[in-house]
Amino acid sequence: MRLLQVFSRYSFLAFAFWLITCSPKGYPIKEPGQGIAMDIITLSSDHMEGREIGTEGADKAAEYIEKRFKEIGLNPKGDNNTYFQVFSRKKSNNPHGDDSQGEGDIISGKNVVGWIDNKAPFTVVIGAHYDHLGYGKEGSLYTGPAAIHNGADDNASGVSGVLYLAESIKKAGFTKYNYLFVSFSGEEKGLWGSNYFVKNCPVPANSIHYMINMDMIGRLNAEKKLSVGGVGTSPAFDKIIDQNAPSTLSIKKELSGMAPSDHASFYNADVPVLGFFTGQHEDYHKPSDDHPLINYKGAHTVLEYIFTLVRALDSEPKLSFTKTKDETQNRVAFNVTMGVMPDYLYDGKGMKIDGVKEGRPAFGAGLMKGDIIIKMGEIDVADIQTYMKCLSTYQQGQTVEVTILREGKEVKKPVTF
Ligand SMILES: [Zn+2]
């Protein structure tokens with residue numbers, strides 16, 4: 001998942017607001033989560049060096065995914081009958097520039113694409129990005145010396161989900177649709193891989209039944225909250241999501257198809273999308289996002305649920321697409337950032353802070369993880385959206401009195417941007 005602070009750069013709508021290398025043998029799941037664990041541990045090992053696009057580590061990850069696709073029995077659907085779809089982007093040297101233009105280094109990456117071809121007219125796309133932050137030069141929330149960001153949750157967990165679902169669908173022998181499985185690169189830089197994929201799609205974009213994206217599904221917490229984004233992108237979703245929800249999960253539905261992750265690229269091409277996410281945590285975009293912290297059983301529960309949704313959506317005719325509300329909201333440009341990570345799964349009043357970045361305005365003002373922002377200046381903050389709106393009105397150098405709830409008590413803190 002991309003960092004909140006940077007996605008304003010790409011003019012995202014007003015925050016539509018979000019294995020020690022070994023050769024795995026076979027894939028029988030003896031215990032819930034065991035098979036997933038093998039993939040997560042491999043992809044998040046130091047051997048892959050954080051899988052940053054354009055690096056050897058990312059190539060190793062792509063080769064591992066290719067190998068797993070072959071084991072599962074998927075056919076290649078990348079360039080020239082291979083599993084790889086290669087793309088390159090010019091990376092702007094100007095931090096505020098548009099990456100697609102201007103002077104800069106050319107970075108090349110590859111999506112890994114496999115499929116089950118049932119000769120059907122319509123196709124289901126299931127994806128997750130495999131790239132991460134490498135040694136943390138860009139996009140990291142960690143301030144120490146260069147260190148490998150293994151990205152076990154972000155997003156080895158999602159890739160393990162693609163592999164799990166590919167194997168489950170293959171075994172179940174569904175035939176009504178074709179199934180495309182994609183692992184994207186360059187997500188952390190700005191959804192590069194999914195963007196390229198949609199524009200150079202191996203099947204016509206208007207023949208996609210729906211797209212499922214998994215970005216960070218490995219940290220199901222004690223409250224068992226699972227965020228499902230994009231519910232408003234097709235009239236068929238709402239009911240099917242509720243009807244199939246297991247009692248072991250607490251589903252938080254988000255209508256918007258926009259999010260700081262790959263399903264947004266498909267949503268922008270009028271494809272119904274669902275994005276799955278188990279929530280933020282303090283290891284997000286830090287070297288500590290490692291595999292021992294993964295809730296494998298939880299990830300397995302989430303994947304079983306997604307599989308039941310795929311099954312249910314197989315009995316539906318090709319889904320119709322609906323735009324979600326955020327469409328008309330203006331693109332908000334931010335001049336300032338607080339340097340906090342919102343708790344996306346918090347649904348009480350205000351904006352709950354899930355992490356504070358050292359050296360940034362919120363840190364300077366003494367804000368802490370767990371604080372709930374209820375007021376910015378004179379404006380009541382009802383939720384993340386109002387918080388973002390407030391933020392868009394401030395300038396650098398300005399000081400704003402922020403009212404927070406800390407352990408139930410109101411505290412006022414001046415924050416200087
Ligand atoms: Zn990320």
# chains A, B, ... in the order shown; residues from 1 in each chain; ligands from 1
$ closest_atom_pairs --of "chain A" --to "ligand 1" --cutoff "10 Å" --atoms "only C-alpha atoms and all ligand atoms" --output "Markdown table"
| residue | atom | partner | partner_atom_place_in_ligand_line | distance |
| --- | --- | --- | --- | --- |
| A:Met1 | CA | ligand 1 | 1 (Zn) | 3.3 |
| A:Arg2 | CA | ligand 1 | 1 (Zn) | 4.4 |
| A:Leu3 | CA | ligand 1 | 1 (Zn) | 6.3 |
| A:Leu4 | CA | ligand 1 | 1 (Zn) | 9.6 |
| A:His129 | CA | ligand 1 | 1 (Zn) | 9.1 |
| A:Tyr130 | CA | ligand 1 | 1 (Zn) | 9.8 |
| A:Asp131 | CA | ligand 1 | 1 (Zn) | 8.5 |
| A:His132 | CA | ligand 1 | 1 (Zn) | 6.3 |
| A:Leu133 | CA | ligand 1 | 1 (Zn) | 7.6 |
| A:Gly139 | CA | ligand 1 | 1 (Zn) | 8.0 |
| A:Ser140 | CA | ligand 1 | 1 (Zn) | 8.9 |
| A:Gly151 | CA | ligand 1 | 1 (Zn) | 7.8 |
| A:Asp153 | CA | ligand 1 | 1 (Zn) | 8.9 |
| A:Asp154 | CA | ligand 1 | 1 (Zn) | 5.3 |
| A:Asn155 | CA | ligand 1 | 1 (Zn) | 7.0 |
| A:Glu187 | CA | ligand 1 | 1 (Zn) | 7.6 |
| A:Glu188 | CA | ligand 1 | 1 (Zn) | 5.5 |
| A:Lys189 | CA | ligand 1 | 1 (Zn) | 9.1 |
| A:Asp215 | CA | ligand 1 | 1 (Zn) | 8.1 |
| A:Met216 | CA | ligand 1 | 1 (Zn) | 8.2 |
| A:Pro260 | CA | ligand 1 | 1 (Zn) | 8.9 |
| A:Ser261 | CA | ligand 1 | 1 (Zn) | 8.4 |
| A:Tyr284 | CA | ligand 1 | 1 (Zn) | 7.4 |
| A:His285 | CA | ligand 1 | 1 (Zn) | 6.1 |
| A:Lys286 | CA | ligand 1 | 1 (Zn) | 9.7 |
$ select_by_dssp --residues "stretch 104-240 of chain A" --states "strand (DSSP E)" --output "NGL selection string"
:A and (104-116 or 123-129 or 178-184 or 208-214 or 225-229)
$ residues_around --residues "stretch 241-248 of chain A" --least-positions-apart "4" --cutoff "7 Å" --atoms "only C-alpha atoms" --output "PyMOL selection string"
chain A and resi 237+305+308-309
$ write_last_selection --atoms "N, CA, C and O atoms" --output "compact mmCIF listing (two decimals), in the first residue's frame"
# COMPACT_ATOMS: atom_id res chain seq x y z
N PHE A 237 -22.35 -6.26 -5.38
CA PHE A 237 -21.39 -6.57 -4.31
C PHE A 237 -21.98 -6.60 -2.90
O PHE A 237 -21.72 -7.53 -2.13
N TYR A 305 -12.66 -16.61 2.81
CA TYR A 305 -13.79 -15.71 2.58
C TYR A 305 -13.78 -15.19 1.13
O TYR A 305 -14.80 -15.23 0.44
N THR A 308 -15.01 -17.78 -1.22
CA THR A 308 -16.48 -17.94 -1.25
C THR A 308 -17.11 -16.81 -2.08
O THR A 308 -18.11 -17.03 -2.75
N LEU A 309 -16.51 -15.63 -2.03
CA LEU A 309 -17.04 -14.53 -2.83
C LEU A 309 -16.86 -14.81 -4.32
O LEU A 309 -17.77 -14.56 -5.12
$ residues_around --residues "A:Gly193" --least-positions-apart "5" --cutoff "6 Å" --atoms "only C-alpha atoms" --output "list in words"
Phe184, Ser185 and Gly186 of chain A
$ select_by_dssp --residues "stretch 102-237 of chain A" --states "alpha helix (DSSP H)" --output "list in words"
Gly158, Val159, Ser160, Gly161, Val162, Leu163, Tyr164, Leu165, Ala166, Glu167, Ser168, Ile169, Lys170, Lys171, Ala172, Glu187, Glu188, Lys189, Gly190, Trp192, Gly193, Ser194, Asn195, Tyr196, Phe197, Val198, Lys199 and Phe237 of chain A
$ write_last_selection --atoms "N, CA, C and O atoms" --output "compact mmCIF listing (two decimals), in the first residue's frame"
# COMPACT_ATOMS: atom_id res chain seq x y z
N GLY A 158 -0.38 -10.33 0.26
CA GLY A 158 -1.33 -10.27 -0.86
C GLY A 158 -0.94 -11.23 -1.98
O GLY A 158 -1.81 -11.88 -2.58
N VAL A 159 0.38 -11.34 -2.25
CA VAL A 159 0.84 -12.25 -3.30
C VAL A 159 0.54 -13.69 -2.91
O VAL A 159 0.08 -14.49 -3.74
N SER A 160 0.73 -14.01 -1.63
CA SER A 160 0.41 -15.37 -1.18
C SER A 160 -1.08 -15.63 -1.40
O SER A 160 -1.50 -16.74 -1.69
N GLY A 161 -1.88 -14.57 -1.29
CA GLY A 161 -3.31 -14.67 -1.53
C GLY A 161 -3.63 -14.99 -2.98
O GLY A 161 -4.50 -15.81 -3.28
N VAL A 162 -2.91 -14.33 -3.91
CA VAL A 162 -3.10 -14.60 -5.34
C VAL A 162 -2.79 -16.08 -5.61
O VAL A 162 -3.55 -16.77 -6.30
N LEU A 163 -1.69 -16.57 -5.02
CA LEU A 163 -1.28 -17.96 -5.25
C LEU A 163 -2.28 -18.93 -4.62
O LEU A 163 -2.67 -19.93 -5.23
N TYR A 164 -2.75 -18.59 -3.44
CA TYR A 164 -3.74 -19.44 -2.76
C TYR A 164 -5.03 -19.53 -3.58
O TYR A 164 -5.58 -20.61 -3.80
N LEU A 165 -5.51 -18.38 -4.05
CA LEU A 165 -6.76 -18.36 -4.81
C LEU A 165 -6.59 -19.05 -6.16
O LEU A 165 -7.49 -19.74 -6.64
N ALA A 166 -5.41 -18.87 -6.80
CA ALA A 166 -5.15 -19.53 -8.09
C ALA A 166 -5.26 -21.04 -7.90
O ALA A 166 -5.92 -21.73 -8.68
N GLU A 167 -4.63 -21.53 -6.83
CA GLU A 167 -4.68 -22.98 -6.61
C GLU A 167 -6.10 -23.45 -6.25
O GLU A 167 -6.57 -24.47 -6.77
N SER A 168 -6.80 -22.69 -5.44
CA SER A 168 -8.16 -23.08 -5.04
C SER A 168 -9.10 -23.08 -6.24
O SER A 168 -9.93 -23.99 -6.38
N ILE A 169 -9.00 -22.06 -7.09
CA ILE A 169 -9.89 -21.95 -8.25
C ILE A 169 -9.58 -23.06 -9.25
O ILE A 169 -10.47 -23.67 -9.82
N LYS A 170 -8.29 -23.31 -9.42
CA LYS A 170 -7.86 -24.39 -10.32
C LYS A 170 -8.45 -25.72 -9.84
O LYS A 170 -9.03 -26.47 -10.63
N LYS A 171 -8.34 -25.98 -8.54
CA LYS A 171 -8.86 -27.24 -7.99
C LYS A 171 -10.37 -27.33 -8.09
O LYS A 171 -10.93 -28.38 -8.35
N ALA A 172 -11.04 -26.18 -7.85
CA ALA A 172 -12.50 -26.18 -7.88
C ALA A 172 -13.02 -26.37 -9.31
O ALA A 172 -14.15 -26.79 -9.50
N GLU A 187 4.03 -0.69 -7.52
CA GLU A 187 2.87 -0.14 -6.81
C GLU A 187 3.30 0.96 -5.86
O GLU A 187 2.69 2.02 -5.78
N GLU A 188 4.40 0.70 -5.16
CA GLU A 188 4.85 1.64 -4.13
C GLU A 188 5.30 2.98 -4.74
O GLU A 188 5.35 3.99 -4.05
N LYS A 189 5.62 2.98 -6.04
CA LYS A 189 6.05 4.22 -6.68
C LYS A 189 4.86 5.02 -7.19
O LYS A 189 5.01 6.15 -7.63
N GLY A 190 3.70 4.42 -7.24
CA GLY A 190 2.53 5.12 -7.77
C GLY A 190 1.68 4.25 -8.68
O GLY A 190 1.25 4.71 -9.72
N TRP A 192 2.34 1.92 -10.70
CA TRP A 192 2.87 1.84 -12.06
C TRP A 192 2.45 0.57 -12.78
O TRP A 192 2.00 0.62 -13.93
N GLY A 193 2.65 -0.57 -12.12
CA GLY A 193 2.40 -1.86 -12.79
C GLY A 193 0.94 -2.07 -13.14
O GLY A 193 0.62 -2.49 -14.25
N SER A 194 0.04 -1.74 -12.22
CA SER A 194 -1.39 -1.95 -12.50
C SER A 194 -1.87 -0.97 -13.55
O SER A 194 -2.70 -1.29 -14.40
N ASN A 195 -1.33 0.23 -13.51
CA ASN A 195 -1.66 1.24 -14.49
C ASN A 195 -1.28 0.77 -15.89
O ASN A 195 -2.09 0.84 -16.82
N TYR A 196 -0.07 0.26 -16.02
CA TYR A 196 0.40 -0.26 -17.31
C TYR A 196 -0.45 -1.46 -17.73
O TYR A 196 -0.85 -1.58 -18.89
N PHE A 197 -0.74 -2.31 -16.77
CA PHE A 197 -1.52 -3.53 -17.08
C PHE A 197 -2.88 -3.18 -17.65
O PHE A 197 -3.31 -3.74 -18.66
N VAL A 198 -3.56 -2.25 -17.02
CA VAL A 198 -4.91 -1.88 -17.47
C VAL A 198 -4.87 -1.30 -18.88
O VAL A 198 -5.73 -1.58 -19.70
N LYS A 199 -3.83 -0.52 -19.15
CA LYS A 199 -3.72 0.09 -20.49
C LYS A 199 -3.19 -0.86 -21.55
O LYS A 199 -3.26 -0.57 -22.74
N PHE A 237 -22.35 -6.26 -5.38
CA PHE A 237 -21.39 -6.57 -4.31
C PHE A 237 -21.98 -6.60 -2.90
O PHE A 237 -21.72 -7.53 -2.13
$ residues_around --residues "A:Glu410" --least-positions-apart "3" --cutoff "12 Å" --atoms "only C-alpha atoms" --output "PDB file with N, CA and C atoms, in the first residue's frame"
ATOM      1  N   ASP A 371      -3.818   8.678  19.897  1.00  0.00           N
ATOM      2  CA  ASP A 371      -4.548   9.947  20.023  1.00  0.00           C
ATOM      3  C   ASP A 371      -5.628  10.017  18.948  1.00  0.00           C
ATOM      4  N   ILE A 372      -6.752  10.632  19.299  1.00  0.00           N
ATOM      5  CA  ILE A 372      -7.821  10.811  18.315  1.00  0.00           C
ATOM      6  C   ILE A 372      -7.990  12.307  18.072  1.00  0.00           C
ATOM      7  N   ILE A 373      -7.773  12.745  16.849  1.00  0.00           N
ATOM      8  CA  ILE A 373      -7.931  14.165  16.516  1.00  0.00           C
ATOM      9  C   ILE A 373      -9.417  14.452  16.366  1.00  0.00           C
ATOM     10  N   ILE A 374      -9.935  15.365  17.183  1.00  0.00           N
ATOM     11  CA  ILE A 374     -11.363  15.687  17.084  1.00  0.00           C
ATOM     12  C   ILE A 374     -11.604  17.109  16.568  1.00  0.00           C
ATOM     13  N   LYS A 375     -10.564  17.937  16.574  1.00  0.00           N
ATOM     14  CA  LYS A 375     -10.711  19.301  16.098  1.00  0.00           C
ATOM     15  C   LYS A 375      -9.408  19.786  15.495  1.00  0.00           C
ATOM     16  N   VAL A 402      -4.593  21.835  17.516  1.00  0.00           N
ATOM     17  CA  VAL A 402      -5.244  20.561  17.252  1.00  0.00           C
ATOM     18  C   VAL A 402      -5.770  20.004  18.575  1.00  0.00           C
ATOM     19  N   THR A 403      -7.066  19.675  18.596  1.00  0.00           N
ATOM     20  CA  THR A 403      -7.646  19.093  19.816  1.00  0.00           C
ATOM     21  C   THR A 403      -7.714  17.589  19.655  1.00  0.00           C
ATOM     22  N   ILE A 404      -7.154  16.904  20.642  1.00  0.00           N
ATOM     23  CA  ILE A 404      -7.141  15.439  20.584  1.00  0.00           C
ATOM     24  C   ILE A 404      -7.803  14.853  21.820  1.00  0.00           C
ATOM     25  N   LEU A 405      -8.231  13.615  21.672  1.00  0.00           N
ATOM     26  CA  LEU A 405      -8.683  12.834  22.817  1.00  0.00           C
ATOM     27  C   LEU A 405      -7.553  11.873  23.152  1.00  0.00           C
ATOM     28  N   ARG A 406      -7.038  11.993  24.378  1.00  0.00           N
ATOM     29  CA  ARG A 406      -6.000  11.072  24.822  1.00  0.00           C
ATOM     30  C   ARG A 406      -6.502  10.425  26.105  1.00  0.00           C
ATOM     31  N   GLU A 407      -6.644   9.122  26.071  1.00  0.00           N
ATOM     32  CA  GLU A 407      -7.201   8.372  27.205  1.00  0.00           C
ATOM     33  C   GLU A 407      -8.485   9.019  27.697  1.00  0.00           C
ATOM     34  N   LYS A 413      -3.077  20.792  21.382  1.00  0.00           N
ATOM     35  CA  LYS A 413      -1.648  20.824  21.017  1.00  0.00           C
ATOM     36  C   LYS A 413      -1.459  21.732  19.802  1.00  0.00           C
TER      37      LYS A 413
END
